[in-house]
Structures are given as structure tokens and as C-alpha cells.
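Here's the structure, in C-alpha cells; my notes come after.
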Amino acid sequence: MGSPRLVLGVALIVLVYLGLGLTNVFTRAPWCDEGWFGSPAYNLAYRGFMGTTVLDPASSTWKSVKLTGIDRHTYWVMPLNLLLNAAGFRVFGFSIFSMRLLSLLWGLLALGAWGAILWKLTGQPLLTLGSLGLIAVDYHFLLQASDGRMDVMTVALGWSGVAAYLWLRERRFPLAVAVSQTLAAMAFFTHPNGVMLVLILAGTTICFDRRRVRVPILAIAAIPYLAIGAGWALYIAQSPADFLAQFLGNAADRGPIITTPLAALRLEISHRYLDSYGLAAWSSLSGRLNAIPLAIFLAAVAACLLVGEIRRHPGYRLLLAWTLGVVFFLTEMEGLKTPFYLIYLTPLYSILLAVAAAWAWRRHSRWRCATVAVLLAFVALQAVRTPVAASRNPRRATYDPAVQYLRTRFNRGTLIMGGAGLIFALGPDWNILDDFRLGYDSAKRAEVVVIDPNWTDGIAMLQTRQPGVYAFVTGLLKAEYQEVYNQGGYRILVHHPNESDGSE
């Protein structure tokens with residue numbers, strides 16, 4: 001494959017990725033996680049402390065995490081993503097777009113890392129381009145690569161570490177270890193799931209260079225973890241009790257793991273896979289078409305496992321080992337079963353799909369038409385899912401009108417309880433608390449309550465998880481608040497409204 005064609009292929013993949021990613025960036029409504037992680041980054045960038053002022057330290061989130069001291073120090077998540085977002089806000093200003101565009105760049109780095117890995121492992125330009133093309137249109141990859149969460153940063157740093165190791169190991173092994181482990185350490189201190197990529201890097205290093213691993217090499221590998229950990233420890237030392245309350249609270253009650261392996265497997269299948277690929281009870285008939293890409297993914301993985309020629313290829317065998325490792329970790333070691341974490345898995349599935357398709361094309365000429373048809377169906381269903389979701393334009397149709405209503409009737413001094421995503425449109429200086437318990441723990445009373453779809457789900461969960469809190473919230477809304485706005489899943493209620501407010 002000539003160099004001009006290779007450059008053209010890469011350019012096309014980047015354009016498709018950016019086009020679909022930007023579609024998400026500009027049409028999705030800001031949501032609570034983005035507000036929770038944007039608030040401390042903003043405070044660090046402009047106020048000199050890393051507190052999450054949009055959360056109430058006396059209250060909690062849907063998972064009942066203790067938030068003690070969170071308005072002063074943010075300890076419940078790893079620090080690096082907050083630091084990078086703070087730097088981004090200083091350079092580009094505080095907005096949901098600057099936060100998401102930074103994520104989009106991390107996604108681009110992840111694609112580059114996968115390209116480098118595949119080129120090194122296979123030396124096949126068409127397979128490399130095909131794999132990157134499948135990743136670039138993957139709905140779940142794009143969803144996280146255009147979101148303000150830290151998952152795409154973790155993925156980009158972790159796989160960049162693996163790429164750096166593979167490319168540097170033959171000629172400068174100590175440098176390969178230093179660079180790769182620094183990137184892996186950064187991934188780990190971005191999100192705990194980065195430990196998957198740390199283990200993958202460690203396993204890959206042992207696989208290729210176990211005889212070269214000596215005490216000096218281990219010391220080189222440990223330095224970045226110790227250095228970043230020491231920096232975080234200095235921050236933790238400002239309030240160790242708050243750290244223990246927040247971090248351990250967030251780590252607890254995350255669902256079934258390896259201690260109940262069958263329950264973990266069942267929830268993995270139902271929540272991570274079926275719910276995310278159109279097979280949930282609430283999925284529409286058209287939404288169930290998304291089960292086709294999932295079936296193709298799983299068929300490709302099965303083919304790679306069953307075909308001896310693929311298993312015997314050193315590069316493909318390594319890819320299979322990585323995939324099985326991630327599947328095991330997400331199934332048995334991660335209990336939330338959230339679709340956010342599919343970004344750790346679907347790129348590997350996409351690559352194995354490309355491997356299986358390349359094998360079928362090479363070895364079975366009579367299967368070529370079927371192979372092309374399957375790939376075209378897969379790409380079409382994956383690529384169209386993003387614009388179809390964006391065509392509903394939830395930001396313009398639901399979020400923006402609600403924000404406009406708030407802007408025209410209230411001000412920065414009004415205590416508003418609502419989703420943390422409101423800070424991106426109203427401003428971080430507005431008095432917003434994300435507390436769907438409505439002051440049950442703090443005794444605070446909001447002048448305005450904004451109930452978005454996430455809050456609706458959160459309040460509904462209280463009915464089974466904390467019936468007493470649910471009774472308090474529903475009773476308070478009924479007795480002391482009046483609805484003045486109901487549109488697009490957003491409800492706005494005011495505390496003891498006057499006649500003019502109630503008539504609007």
C-alpha cells in the first residue's frame with residue numbers, strides 16, 4: 001500500500017472521527033458527571049482550590065457516596081483529569097465545549113496509539129487502517145470521546161504506554177520502560193480502571209522481555225508511580241479524613257464482583273451488553289437494530305479464538321490475550337456495569353473484527369461477498385447511530401429552553417437545586433447544588449428545583465433504596481413547591497411561588 005494512499009486513509013478516518021465526535025459535542029446536553037468534574041477544575045483554575053462546590057458535603061449522590069469536605073477538596077476521583085481540565089479552562093475558558101474538545105483530542109491520541117500498536121504487531125497497513133476505521137465509527141467510543149468524563153483520557157494514556165513500549169523496547173529498553181510506565185501511571189492516576197492498562201503493559205513486558213527485567217529496570221518502572229503518588233499524597237495530607245470518607249465511599253457498594261462471580265456475569269451481560277445494544281426492555285424496535293453490531297463483535301471474537309491460524313499469529317495472540325484480560329476485569333472486578341466503560345473494550349473488539357474479516361477474505365474467496373456485506377452493515381449501523389441520536393438535539397430541544405427560563409426569571413443569588421450540568425449554561429458562579437435529596441441531610445431549602453431526566457431516575461431509585469428519603473422528597477415537592485415549567489423532560493418548581501410566577 002503506497003504512502004499517499006496510507007496518508008489519505010488516515011486523513012479520512014480522522015475526518016470521520018472528528019465529524020461524528022463534534023456532532024456529539026454540540027448536540028448532547030451537559031449532564032451531572034461533567035458538572036461534578038468541571039466544578040473542581042474550574043475552582044482550581046480560577047479560585048485556587050479544588051473543591052466541588054456544585055455538590056453539598058452534607059448530602060450524597062445516587063450511590064450514597066460520602067461527600068465530606070468536597071466543597072474544599074475533591075478526593076473521590078483520581079486527580080489527573082481534574083488538573084488537565086483546569087489547565088484547559090485556563091487556556092480556552094470555562095465551557096462544556098472546551099471540556100469536551102479536550103476529550104476529543106484524547107480520543108485522537110487513542111486512535112494514534114492503536115495505529116502504532118497494530119503497525120508494530122502486524123506490519124499490515126490495510127489491517128491497521130481497517131481497525132482504526134471501525135474504532136472511529138464505534139458509537140460507544142465516540143460517546144466517551146466527546147464527553148467530559150475521564151475514561152477516554154485513561155484509555156489514550158494507557159494504550160500510548162503500550163505503543164511506546166513496543167516501539168522503543170528493541171533498541172532502548174530502559175527508555176521504553178520509563179516512557180511506557182510513565183504513561184501507564186498517568187492512566188492509573190486518571191481513573192482506577194487504568195489498572196487494567198497497567199497490568200496489560202506489565203504482562204506485555206514480561207511476555208517480550210522477562211529476561212531483561214532486573215532490579216534497576218523495576219526501579220525505573222516504579223519512579224512515575226511514586227512521583228505522581230507523592231504529589232497526590234501531599235494534596236491528601238491537607239485533609240486525610242475527607243479523603244477517606246470520599247474515596248472509600250466512592251469505592252464501596254459498586255455491585256457484584258468476583259466474590260459473587262455468577263451474579264457479576266449476569267449483570268455484565270444484562271447491563272453492559274444487552275442494555276447498551278438495544279436489547280433493554282425500553283428499547284424501541286429501531287433501537288434493537290443495535291444488537292446486530294454486538295452480534296458481529298461477538299462472532300468476530302469467537303472466530304479469532306477458534307481459528308488456529310489466527311491464534312498462532314504472535315500479534316493476534318497478544319490482542320486476544322489483552323481482550324480476554326479486559327473482559328475478565330470488567331466482568332468480575334468492576335461492579336457498576338456502566339456503559340461508560342465499554343470504551344475500554346470496544347476498540348479491542350473492533351480490531352478483532354478486522355482481523356477475522358482479513359482472515360476470511362484471504363483464506364476463503366467464496367466468503368468475500370458475505371464478509372464485505374457484514375462489514376458494510378456493521379459500519380452503517382455504527383456510524384448512523386451517532387447522527388440519529390444527535391438529530392434529536394437534546395441540548396437545543398430540552399436543556400437550552402430550561403436554562404433560558406431560569407436565566408430570565410432568577411439570578412446568581414437564587415439557590416437552585418438541580419443537575420450539576422446547569423453550571424455550563426448558567427455559569428459556575430450561580431448558586432447551584434446537585435442534591436436530589438432536596439436538603440434531607442443538610443436542611444437547606446432551594447428556592448428553585450430543576451428536575452431533569454437524571455434527577456427523575458435518581459428520585460425514583462430512592463423509593464427502593466431509601467424509602468424514608470423518597471417520602472421526604474416527594475412530600476416536600478407536593479407541599480412546598482409549585483411547578484412552573486414542564487418541557488422536554490425538564491420540570492422547574494419554585495418554593496412558595498407568587499401569583500405571577502405560578503401563571504407563567
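Scheme for the C-alpha cells: letters A, B, ... for chains in order shown; per-chain residue numbers from 1; ligand numbers from 1 in order shown.
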
Legend entry - Non-local contacts of Ala41 (chain A) (7 Å; only C-alpha atoms; under 3 positions in same chain excluded) as a count of residues only: 9

Inset, instruction - Extract the full set of helix (DSSP H, G or I) residues from region 364-459 of chain A according to DSSP on the backbone, and format it as a PyMOL selection string. - result: chain A and resi 365-391+394-409+420-426+453-459

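Closest approach to Tyr225 (chain A) from the set A:Phe188, A:Trp361, A:Trp76, A:Phe173 is made by A:Phe188, with distances taken over only C-alpha atoms.
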
Legend entry - Given only C-alpha atoms as the counted atoms, nearest of A:Arg272, A:His140, A:Ile343, A:Tyr235 to Ala110 (chain A): A:Ile343

Legend entry - Contacts of region 153-157 of chain A within 8 Å, only C-alpha atoms, excl. fewer than 3 positions in-chain, as a ChimeraX atom specification: /A:81,103,106-107,109-111,113,150,160-161,183-184,186-188,190-191,193-194,197,343-344

Inset, instruction - Report the distance between CA of Phe424 (chain A) and CA of Ser95 (chain A) in Å, rounded to one decimal place. - result: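 Interatomic distance here is 5.7 Å.
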
Inset, instruction - List the neighbours of Pro428 (chain A) out to 10 Å using only C-alpha atoms; skip same-chain residues closer than 3 positions along the sequence, and give me the result as a ChimeraX atom specification. - result: /A:35,38-39,42-43,53-54,94-95,412,420-425,431-432

If you keep C-alpha atoms, can you produce a file of those selected residues as a compact mmCIF listing (two decimals), in the first residue's frame?
```txt
# COMPACT_ATOMS: atom_id res chain seq x y z
CA GLY A 35 -20.66 19.19 36.13
CA GLY A 38 -15.96 20.53 35.72
CA SER A 39 -16.65 22.30 39.02
CA TYR A 42 -12.92 25.48 37.35
CA ASN A 43 -12.28 26.25 41.01
CA THR A 53 -18.88 23.46 45.04
CA VAL A 54 -21.80 22.14 43.00
CA PHE A 94 -14.73 27.53 31.13
CA SER A 95 -17.33 25.83 28.95
CA ARG A 412 -26.98 34.20 40.67
CA ALA A 420 -24.70 19.87 38.01
CA GLY A 421 -24.69 20.23 34.22
CA LEU A 422 -26.55 23.53 34.67
CA ILE A 423 -23.28 25.27 35.58
CA PHE A 424 -22.13 25.19 31.95
CA ALA A 425 -25.00 27.34 30.68
CA ASN A 431 -25.74 29.12 43.37
CA ILE A 432 -26.41 25.56 42.17
```

Legend entry - Which residue of A:Leu262, A:Val195, A:Val91, A:Ala356 approaches Thr371 (chain A) most closely, using only C-alpha atoms: A:Ala356

Legend entry - Nearest to Leu433 (chain A), chosen from A:Leu105, A:Ala471, A:Val449, A:Leu493, with only C-alpha atoms counted in the distances: A:Val449

Inset, instruction - Find, counting only C-alpha atoms, the residue in A:Ala383, A:Leu352, A:Arg437, A:Ile257 that gets nearest to Ala303 (chain A). - result: A:Leu352
